[in-house]
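Trainee: So here's target-v1.csv (CSV, C-alpha atoms and all ligand atoms).
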```csv
chain,number,residue,atom,x,y,z
F,1,MET,CA,92.3,91.6,94.5
F,2,LEU,CA,94.3,90.4,97.5
F,3,ARG,CA,97.1,88.1,96.6
F,4,GLN,CA,97.0,84.7,98.3
F,5,GLY,CA,100.3,83.2,97.5
F,6,ARG,CA,101.5,80.0,99.1
F,7,MET,CA,101.7,80.0,102.9
F,8,SER,CA,104.2,78.0,104.9
F,9,PRO,CA,102.7,76.3,108.0
F,10,ALA,CA,104.6,78.8,110.1
F,11,GLN,CA,103.2,81.8,108.2
F,12,GLN,CA,99.7,80.4,108.5
F,13,ARG,CA,100.1,79.9,112.2
F,14,ALA,CA,101.5,83.4,112.5
F,15,CYS,CA,98.4,84.8,110.7
F,16,ASP,CA,96.0,82.8,112.9
F,17,LEU,CA,97.7,83.7,116.2
F,18,LEU,CA,99.3,87.0,115.6
F,19,LEU,CA,97.0,88.9,113.2
F,20,PRO,CA,94.5,89.6,116.0
F,21,ARG,CA,97.4,91.0,118.1
F,22,TYR,CA,99.5,93.0,115.6
F,23,GLY,CA,97.2,93.2,112.6
F,24,VAL,CA,95.1,96.3,111.9
F,25,ALA,CA,91.7,96.0,110.4
F,26,PRO,CA,90.7,98.3,107.6
F,27,SER,CA,88.8,101.2,109.0
F,28,VAL,CA,85.4,102.1,107.6
F,29,GLY,CA,84.1,105.6,107.4
F,30,ALA,CA,86.8,107.2,109.6
F,31,PRO,CA,90.6,107.6,109.4
F,32,LEU,CA,92.8,105.2,111.4
F,33,ASP,CA,93.4,106.2,115.0
F,34,PHE,CA,97.1,105.9,115.3
F,35,ALA,CA,97.2,106.9,118.9
F,36,GLY,CA,94.7,104.2,119.8
F,37,MET,CA,96.6,101.7,117.6
F,38,PHE,CA,100.0,102.2,119.2
F,39,GLY,CA,98.8,103.4,122.6
F,40,ARG,CA,100.8,106.6,122.4
F,41,THR,CA,101.3,109.7,120.3
F,42,ALA,CA,104.4,109.5,118.1
F,43,PRO,CA,105.4,110.2,114.5
F,44,VAL,CA,103.9,107.6,112.2
F,45,VAL,CA,105.5,106.2,109.1
F,46,LEU,CA,103.5,104.3,106.5
F,47,GLU,CA,105.2,101.5,104.5
F,48,ILE,CA,103.6,100.5,101.3
F,49,GLY,CA,104.3,96.9,100.1
F,50,SER,CA,106.4,95.6,102.9
F,51,GLY,CA,107.0,92.2,101.2
F,52,MET,CA,108.5,89.7,103.6
F,53,GLY,CA,109.1,92.5,106.1
F,54,GLU,CA,112.9,92.2,106.5
F,55,THR,CA,113.6,95.9,106.0
F,56,THR,CA,110.4,96.9,107.8
F,57,ALA,CA,111.2,95.1,111.0
F,58,ALA,CA,114.9,96.3,111.0
F,59,ILE,CA,113.8,99.9,110.6
F,60,ALA,CA,111.2,99.7,113.3
F,61,ALA,CA,113.7,98.0,115.7
F,62,ALA,CA,116.2,100.8,115.0
F,63,GLN,CA,113.7,103.6,115.6
F,64,PRO,CA,111.6,102.8,118.7
F,65,ALA,CA,110.4,106.4,119.0
F,66,THR,CA,108.6,106.2,115.7
F,67,ASP,CA,105.5,104.1,115.0
F,68,PHE,CA,105.2,102.1,111.7
F,69,LEU,CA,102.2,100.8,109.8
F,70,ALA,CA,103.1,98.4,107.1
F,71,VAL,CA,100.5,97.7,104.4
F,72,GLU,CA,100.9,94.6,102.2
F,73,VAL,CA,98.5,92.6,100.1
F,74,HIS,CA,100.5,89.4,99.9
F,75,LEU,CA,99.4,87.1,102.8
F,76,PRO,CA,102.6,85.1,103.2
F,77,GLY,CA,104.5,88.4,103.5
F,78,VAL,CA,102.0,89.5,106.2
F,79,GLY,CA,102.6,86.2,108.0
F,80,ALA,CA,106.4,86.6,107.8
F,81,LEU,CA,106.2,90.2,109.1
F,82,LEU,CA,103.9,89.1,112.0
F,83,ARG,CA,106.5,86.6,113.0
F,84,ARG,CA,109.2,89.3,113.0
F,85,ILE,CA,107.1,91.6,115.1
F,86,GLU,CA,106.6,88.8,117.7
F,87,ALA,CA,110.2,87.7,117.6
F,88,GLY,CA,111.5,91.3,118.0
F,89,GLY,CA,108.9,92.4,120.5
F,90,LEU,CA,108.3,95.4,118.2
F,91,ALA,CA,105.6,97.4,119.9
F,92,ASN,CA,106.0,100.2,117.3
F,93,LEU,CA,105.1,98.1,114.3
F,94,ARG,CA,101.6,97.0,113.0
F,95,VAL,CA,100.6,95.5,109.7
F,96,MET,CA,97.4,95.7,107.6
F,97,ARG,CA,96.6,93.3,104.8
F,98,HIS,CA,94.9,95.6,102.3
F,99,ASP,CA,95.4,97.5,99.1
F,100,ALA,CA,97.6,100.5,100.0
F,101,VAL,CA,95.8,102.7,97.4
F,102,ASP,CA,92.5,102.2,99.2
F,103,VAL,CA,94.2,102.6,102.6
F,104,VAL,CA,95.7,106.0,101.5
F,105,ALA,CA,92.4,107.2,99.9
F,106,ARG,CA,90.0,106.2,102.7
F,107,MET,CA,91.9,105.5,106.0
F,108,ILE,CA,94.7,108.0,106.4
F,109,ALA,CA,93.9,111.6,107.5
F,110,PRO,CA,95.5,114.5,105.7
F,111,ALA,CA,98.8,115.7,107.1
F,112,SER,CA,99.1,112.8,109.6
F,113,LEU,CA,102.2,110.9,108.5
F,114,ALA,CA,105.8,111.8,109.3
F,115,GLY,CA,107.0,109.5,106.5
F,116,ILE,CA,106.1,107.1,103.7
F,117,HIS,CA,108.3,104.3,102.6
F,118,VAL,CA,107.9,102.7,99.2
F,119,PHE,CA,110.8,100.2,98.8
F,120,PHE,CA,111.1,98.3,95.6
F,121,PRO,CA,107.6,98.7,94.3
F,122,ASP,CA,106.5,96.1,91.7
F,123,PRO,CA,108.3,97.3,88.5
F,124,TRP,CA,105.8,96.2,85.9
F,125,PRO,CA,108.5,96.1,83.3
F,126,LYS,CA,106.4,95.7,80.1
F,127,LYS,CA,105.4,99.0,78.6
F,128,ARG,CA,101.8,98.1,78.3
F,129,HIS,CA,101.8,97.4,82.1
F,130,HIS,CA,103.4,100.7,83.1
F,131,LYS,CA,100.0,102.1,83.9
F,132,ARG,CA,99.8,99.6,86.8
F,133,ARG,CA,102.8,101.2,88.5
F,134,LEU,CA,102.0,102.5,91.9
F,135,LEU,CA,103.9,105.8,91.7
F,136,ALA,CA,101.6,107.5,89.2
F,137,PRO,CA,101.1,111.3,89.5
F,138,ALA,CA,97.6,111.1,91.1
F,139,PHE,CA,98.7,108.6,93.8
F,140,VAL,CA,101.9,110.6,94.5
F,141,HIS,CA,99.7,113.6,95.1
F,142,GLU,CA,97.5,111.6,97.5
F,143,LEU,CA,100.6,110.5,99.3
F,144,ALA,CA,101.9,114.1,99.5
F,145,LEU,CA,98.6,115.2,101.0
F,146,ARG,CA,99.0,112.7,103.8
F,147,LEU,CA,102.4,113.9,104.9
F,148,VAL,CA,102.9,116.5,107.6
F,149,ALA,CA,104.9,119.6,106.5
F,150,GLY,CA,108.5,118.4,106.4
F,151,GLY,CA,107.4,114.8,106.3
F,152,VAL,CA,109.4,112.6,103.9
F,153,LEU,CA,108.4,110.3,101.0
F,154,HIS,CA,111.2,107.8,100.5
F,155,VAL,CA,111.2,105.5,97.4
F,156,ALA,CA,113.8,103.0,96.4
F,157,THR,CA,113.9,101.0,93.2
F,158,ASP,CA,116.5,99.0,91.2
F,159,TRP,CA,114.5,99.4,88.0
F,160,ASP,CA,116.2,102.1,86.0
F,161,ASP,CA,113.3,103.4,83.9
F,162,TYR,CA,110.9,103.3,86.9
F,163,ALA,CA,113.5,105.3,88.9
F,164,ASN,CA,113.6,107.9,86.2
F,165,GLU,CA,109.8,108.0,85.8
F,166,ALA,CA,109.3,108.3,89.5
F,167,LEU,CA,111.9,111.1,89.8
F,168,ALA,CA,110.0,113.0,87.1
F,169,THR,CA,106.7,112.4,88.8
F,170,LEU,CA,107.9,113.4,92.3
F,171,GLU,CA,109.6,116.5,90.9
F,172,ALA,CA,106.4,117.5,89.2
F,173,GLU,CA,104.4,117.3,92.4
F,174,PRO,CA,104.0,120.8,93.8
F,175,LEU,CA,103.6,119.7,97.4
F,176,LEU,CA,107.0,117.9,97.3
F,177,VAL,CA,110.6,119.1,97.2
F,178,ASN,CA,113.6,117.0,96.4
F,179,THR,CA,116.1,116.7,99.3
F,180,ALA,CA,118.8,115.9,96.8
F,181,GLU,CA,120.0,116.8,93.4
F,182,GLY,CA,118.2,114.1,91.5
F,183,PHE,CA,118.6,110.7,93.2
F,184,ALA,CA,119.6,110.7,96.8
F,185,ALA,CA,122.3,108.7,98.6
F,186,ARG,CA,120.8,105.7,100.4
F,187,PRO,CA,119.8,107.0,103.8
F,188,ALA,CA,121.6,105.1,106.6
F,189,HIS,CA,118.3,104.0,108.1
F,190,ARG,CA,117.4,101.9,105.0
F,191,PRO,CA,119.3,98.6,105.4
F,192,LEU,CA,120.6,96.8,102.4
F,193,THR,CA,118.3,93.8,101.7
F,194,ARG,CA,119.6,90.5,100.5
F,195,PHE,CA,117.7,91.0,97.3
F,196,GLU,CA,119.4,94.3,96.8
F,197,GLU,CA,122.9,93.0,97.5
F,198,ARG,CA,122.3,90.3,94.8
F,199,GLY,CA,121.1,93.0,92.4
F,200,MET,CA,124.2,95.1,93.1
F,201,LYS,CA,126.5,92.1,92.3
F,202,LEU,CA,124.7,91.8,89.0
F,203,GLY,CA,125.4,95.5,88.4
F,204,HIS,CA,121.9,96.9,89.0
F,205,ALA,CA,121.9,100.3,90.4
F,206,VAL,CA,119.6,101.0,93.3
F,207,ARG,CA,118.1,104.5,93.3
F,208,ASP,CA,116.8,106.2,96.4
F,209,LEU,CA,114.4,109.2,96.0
F,210,VAL,CA,113.9,111.3,99.1
F,211,PHE,CA,111.3,114.1,98.9
F,212,ARG,CA,110.0,116.3,101.6
F,213,ARG,CA,106.6,117.8,101.9
F,214,ARG,CA,106.8,121.6,101.6
F,215,ASP,CA,105.9,123.7,104.6
F,216,THR,CA,103.7,125.9,102.3
F,217,PRO,CA,102.9,125.0,98.7
F,218,PRO,CA,104.7,127.1,96.1
F,219,SER,CA,102.6,130.0,95.0
F,220,ALA,CA,101.9,128.4,91.7
F,221,ALA,CA,100.0,125.6,93.5
F,222,ARG,CA,98.1,128.0,95.8
F,223,PRO,CA,94.5,128.5,94.6
F,224,ARG,CA,94.0,132.3,94.1
F,225,ASP,CA,91.6,134.0,96.5
F,226,PRO,CA,88.4,135.3,94.8
F,227,GLY,CA,88.9,138.9,93.9
F,228,GLU,CA,92.7,138.6,94.0
F,229,THR,CA,94.2,140.0,90.8
F,230,ALA,CA,97.2,138.5,89.0
F,231,GLN,CA,100.5,140.2,89.7
F,232,GLU,CA,101.9,141.9,86.6
F,233,GLY,CA,105.6,141.7,85.7
F,301,LIG,C1,108.8,93.9,94.7
F,301,LIG,S1,108.0,93.6,96.3
F,301,LIG,C2,109.1,94.5,97.4
F,301,LIG,C3,108.9,94.2,98.8
F,301,LIG,C4,109.7,94.9,99.9
F,301,LIG,N1,109.4,96.3,99.9
F,301,LIG,C5,111.2,94.7,99.7
F,301,LIG,O1,111.9,95.7,99.5
F,301,LIG,O2,111.6,93.5,99.7
F,301,LIG,C6,106.6,94.7,96.1
F,301,LIG,C7,105.6,94.4,97.2
F,301,LIG,O3,104.5,95.4,97.1
F,301,LIG,C8,103.3,94.7,97.3
F,301,LIG,N2,102.2,95.5,96.8
F,301,LIG,C9,102.1,95.8,95.4
F,301,LIG,N3,101.0,96.6,95.3
F,301,LIG,C10,100.4,96.8,96.5
F,301,LIG,C11,99.3,97.6,97.0
F,301,LIG,N4,98.5,98.2,96.1
F,301,LIG,N5,99.1,97.6,98.3
F,301,LIG,C12,99.9,96.9,99.2
F,301,LIG,N6,100.9,96.2,98.8
F,301,LIG,C13,101.2,96.1,97.5
F,301,LIG,C14,103.5,93.3,96.7
F,301,LIG,O4,102.6,92.4,97.2
F,301,LIG,C15,104.9,93.0,97.1
F,301,LIG,O5,105.1,92.4,98.3
```
What's the structure tokens form of this structure?
Ligand SMILES: C[S@@+](CC[C@H](N)C(=O)[O-])C[C@H]1O[C@@H](n2cnc3c(N)ncnc32)[C@H](O)[C@@H]1O

Mentor:
Amino acid sequence: MLRQGRMSPAQQRACDLLLPRYGVAPSVGAPLDFAGMFGRTAPVVLEIGSGMGETTAAIAAAQPATDFLAVEVHLPGVGALLRRIEAGGLANLRVMRHDAVDVVARMIAPASLAGIHVFFPDPWPKKRHHKRRLLAPAFVHELALRLVAGGVLHVATDWDDYANEALATLEAEPLLVNTAEGFAARPAHRPLTRFEERGMKLGHAVRDLVFRRRDTPPSAARPRDPGETAQEG
């Protein structure tokens, strides 16, 4: 279900006026055409759950040679991001209002993304809700398949047990390799959000996870050719 939320008049206006300009419609039956979307061929980064778009817009402004597609279900967030795109003249940023799980499954071609950002995914703190967490093993595998070799999956969360769970999930994914020993230092390109600064004052640790898609899957993940015999020893 797409979240409605309450729209400010400015967000509503932004949706009405700017969605046709900077919004991307869900594609049906074919992967999204990034070159057509951005009018050029450049590395593409997918952001899942861009919220109010503060970080999204700052990163896109700082990296004009990269194209960014933000996917968000919350309409006021989409409106806020549209306003940032317009205000910043960000030709390398587009937004789609849709469920990112469906976008990844049906609209992103394999090995087509230079990066994926998942910043502060909904933590679903109650144990009985953990199954709703986005970074489940099957979805992480789908994400890994969409990355080019060397492409980077970058996750950040301030929720301790989610951070540990995600670290275990990402480390167990054969297509991914950790770029750090455990958690990574915050990469300079991820700006501190206001929400994060507040959390840090309260003593919440923010964890970054930065994993790279392997050039070739480890041999354990490679399906064996028919007729190939197992190596002894
Ligand atoms: C805790 S907020 C973080 C927002 C932003 N990344 C930030 O750091 O401020 C999580 C966001 O993910 C969005 N979200 C959750 N599940 C989603 C899904 N399946 N597809 C797209 N967006 C989703 C929510 O609507 C919400 O805006």

Trainee: In Å to one decimal, how far is atom CA of F:Pro76 from atom CA of F:Thr55?

Mentor: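 Separating atom CA of F:Thr55 from atom CA of F:Pro76 is a distance of 15.7 Å.
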
Trainee: So that I can see what lies close to F:Leu135, please list as a ChimeraX atom specification the residues with an atom at most 12 Å from it, counting only C-alpha atoms and leaving out residues fewer than 5 positions away in the same chain.

Mentor: /F:48,100-101,117-124,130,140-144,153-157,162-170,173,209

Trainee: List as a PyMOL selection string the protein and nucleic acid residues near F:Leu176, meaning an atom at most 6 Å away when all atoms listed in the file are counted, but skip any in the same chain fewer than 6 places from it.

Mentor: chain F and resi 211-214

Trainee: Which polymer residues have any atom within 6 Å of an atom of F:Leu113, counting all atoms listed in the file, with same-chain residues fewer than 4 positions away left out, as number ranges by chain?

Mentor: F: 44-45, 146-148

Trainee: I need the residue nearest ligand LIG 301 (chain F) from this list: F:Leu69, F:Ala91, F:Val103, F:Ile85. Use only C-alpha atoms and all ligand atoms for the distance.

Mentor: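 The answer is F:Val103, which sits nearest to ligand LIG 301 (chain F).
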
Trainee: Could you give me the centre and size, in Å to one decimal, of an axis-aligned box around all listed atoms of ligand LIG 301 (chain F) with 5 Å added on every side, as lines of an AutoDock Vina configuration file?

Mentor:
```
center_x = 105.2
center_y = 95.3
center_z = 97.3
size_x = 23.4
size_y = 15.8
size_z = 15.2
```

Trainee: I'd like to know which of F:Pro31, F:Pro187, F:Gly203, F:Pro9 is closest to F:Ile108, using all atoms listed in the file.

Mentor: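 Looking only at the distances to F:Ile108, the closest residue turns out to be F:Pro31.
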
Trainee: Using all atoms listed in the file, which of F:Ala35, F:Ala180, F:Ala14, F:Val206 sits nearest ligand LIG 301 (chain F)?

Mentor: F:Val206

Trainee: To one decimal place in Å, what is the distance between atom CA of F:Gly49 and atom CA of F:Val177?

Mentor: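 Pair atom CA of F:Gly49 / atom CA of F:Val177 returns 23.3 Å.
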
Trainee: My list of candidates is F:Arg186, F:Arg132, F:Arg207, F:Arg21. Which is closest to ligand LIG 301 (chain F) when distances are computed with only C-alpha atoms and all ligand atoms?

Mentor: F:Arg132

Trainee: If I put a ball of radius 10 Å at (91.8, 100.9, 103.3) in the file's coordinates, which residues poke into it when counting all atoms listed in the file, written as a VMD selection string?

Mentor: chain F and resid 25 to 29 31 to 32 71 96 to 108

Trainee: Quote the spacing between atom CA of F:Val73 and atom CA of F:Tyr22 in Å to one decimal place.

Mentor: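 Answer for the atom CA of F:Val73 to atom CA of F:Tyr22 separation: 15.5 Å.
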
Trainee: Given the point (116.8, 89.8, 100.0) in the file's coordinates, find the residues that have an atom at most 12 Å from it, counting all atoms listed in the file, and give them as a ChimeraX atom specification.

Mentor: /F:51-55,120,191-200

Trainee: Between F:Arg94, F:Lys131, F:Arg190, F:His74, which is the closest to F:Val210 once you count only C-alpha atoms?

Mentor: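 Among F:Arg94, F:Lys131, F:Arg190, F:His74, it is F:Arg190 that comes nearest to F:Val210.
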
Trainee: Of the candidates F:Ala109, F:Ala60, F:Val24, F:Val78, which one gets nearest to ligand LIG 301 (chain F) if we count all atoms listed in the file?

Mentor: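 Of the candidates, the smallest distance to ligand LIG 301 (chain F) is held by F:Val78.
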
Trainee: May I have the residues within 12 Å of F:Ala188 as a VMD selection string, using all atoms listed in the file and disregarding those fewer than 6 positions away in the same chain?

Mentor: chain F and resid 58 to 59 62 208
